[in-house]
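Heads up, the thing below is written out as structure tokens.
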Amino acid sequence: MNNPLQDSVARINECTEDFSINFIGKELFFSNHTLRSVESEFGVAAHRYEDVSELNASVSGGVTGKVVVVDQIMLDDLLSRPEVYTEAAGTGCLAFAYRKEDAARSLFENWDRRQFGDIGYLPMNVAPDVWRSILRLLMHEELYLPSFVADCVLKPQNHNKPCLVTDNQAEPKEPNPLYSRLTRREKQVLQLASKGQSNKIIASNLGITEHTVKLHMHNVAGKIGVSNRTAAAQFYFEVTSDEARGQTVD
């Protein structure tokens with residue numbers, strides 16, 4: 001008779017190192033149980049490191065892909081040395097694990113995506129199935145963007161300058177040529193996606209199928225020159241006015 005526990009352990013031991021999920025933070029937040037469940041669920045190696053230098057020192061040259069998840073306690077170091085973390089992620093995906101919205105919002109406001117690329121977000125205070133779904137997206141380089149982080153684009157900060165908007169951009173925007181290339185339906189899908197709505201909800205709101213939503217998002221990404229949903233949403237906030245964002249696309 002097969003032993004389910006032994007079978008589970010065997011599957012974990014067979015996890016490939018060709019792809020790994022690497023958590024940077026304390027055991028308190030990324031427990032051994034969490035690592036083992038990730039390995040069992042996704043069939044990949046999962047590791048925890050106290051800091052990014054420990055990760056860089058342990059990664060072998062044979063690793064072809066990985067996800068690097070940075071805990072919110074590392075926020076100050078992440079923002080002061082972003083190049084170290086992006087180097088650790090390499091061609092893989094860099095994500096920020098947060099328990100407080102303020103921490104995620106602070107990263108969104110201060111992260112230079114033009115220089116260091118996009119960064120994903122992994123909420124730690126959600127249901128386990130939701131957490132696993134978002135982690136699965138990160139494994140496929142589909143970066144999850146919480147809808148609340150977009151508030152910083154819309155609301156002035158204490159120093160009276162909106163984040164991610166330069167002084168010149170604060171003036172009324174001219175129609176962006178890339179945005180103008182989008183069809184009416186593509187603009188609708190992009191607008192709803194920028195609010196953090198899932199493909200299922202967008203499909204329901206527009207009366208189309210989820211597959212059609214995915215096709216529209218694929219077309220949008222190609223036309224505006226971005227690689228994922230997060231970058232598309234940020235593009236939308238950068239090229240549209242406050243008034244336009246509050247209106248329904250006709």
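Chain identifiers are assigned as A, B, and so on, following the order in which chains appear in the structure tokens; residues are numbered from 1 within each chain, and ligands are numbered from 1 in order of appearance.
All residues of protein, DNA or RNA that reach within 6 Å of range 89-98 of chain A, judged by only C-alpha atoms and not counting those fewer than 2 positions away in the chain, are Gly65, Lys66, Val67, Val68, Val69, Val70, Asp71, Gln72, Thr86, Glu87, Lys100, Ile119, Gly120, Tyr121, Leu122, Pro123, Met124 and Glu141 of chain A.
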All residues 8 Å or closer to Val213 in chain A, only C-alpha atoms, same chain fewer than 6 positions away omitted, as a PDB file with N, CA and C atoms, in the first residue's frame:
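Contents of part_6.pdb, freshly written:
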ATOM      1  N   VAL A 189     -11.363  47.685 -21.921  1.00  0.00           N
ATOM      2  CA  VAL A 189     -10.723  46.604 -21.187  1.00  0.00           C
ATOM      3  C   VAL A 189      -9.533  47.139 -20.385  1.00  0.00           C
ATOM      4  N   ASN A 199     -10.125  39.349 -15.188  1.00  0.00           N
ATOM      5  CA  ASN A 199     -10.688  39.099 -16.517  1.00  0.00           C
ATOM      6  C   ASN A 199     -12.146  38.668 -16.426  1.00  0.00           C
ATOM      7  N   ILE A 202     -14.239  41.801 -15.730  1.00  0.00           N
ATOM      8  CA  ILE A 202     -14.266  42.637 -16.934  1.00  0.00           C
ATOM      9  C   ILE A 202     -15.206  42.044 -17.966  1.00  0.00           C
ATOM     10  N   ALA A 203     -15.115  40.727 -18.147  1.00  0.00           N
ATOM     11  CA  ALA A 203     -15.977  40.049 -19.111  1.00  0.00           C
ATOM     12  C   ALA A 203     -17.449  40.242 -18.748  1.00  0.00           C
TER      13      ALA A 203
END
Between CA of Ala232 in chain A and CA of Leu75 in chain A, distance in Å (one decimal):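 Value for the CA of Ala232 in chain A-CA of Leu75 in chain A distance: 24.0 Å.
Computed from the coordinates, the CA of Leu137 in chain A to CA of Thr230 in chain A distance equals 11.8 Å.
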Residues of range 17-235 of chain A in strand (DSSP E) according to DSSP, as a ChimeraX atom specification? /A:17-24,44-49,65-71,93-98,120-123
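When only C-alpha atoms are used to compute distances to Ser53 in chain A, the closest of the residues A:Met217, A:Leu78, A:Glu39, A:Arg184 turns out to be A:Leu78.
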Using only C-alpha atoms: which of A:Gln197, A:Gln188, A:Ser106, A:Asn219 has the shortest distance to Tyr144 in chain A: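 Among A:Gln197, A:Gln188, A:Ser106, A:Asn219, it is A:Gln197 that comes nearest to Tyr144 in chain A.
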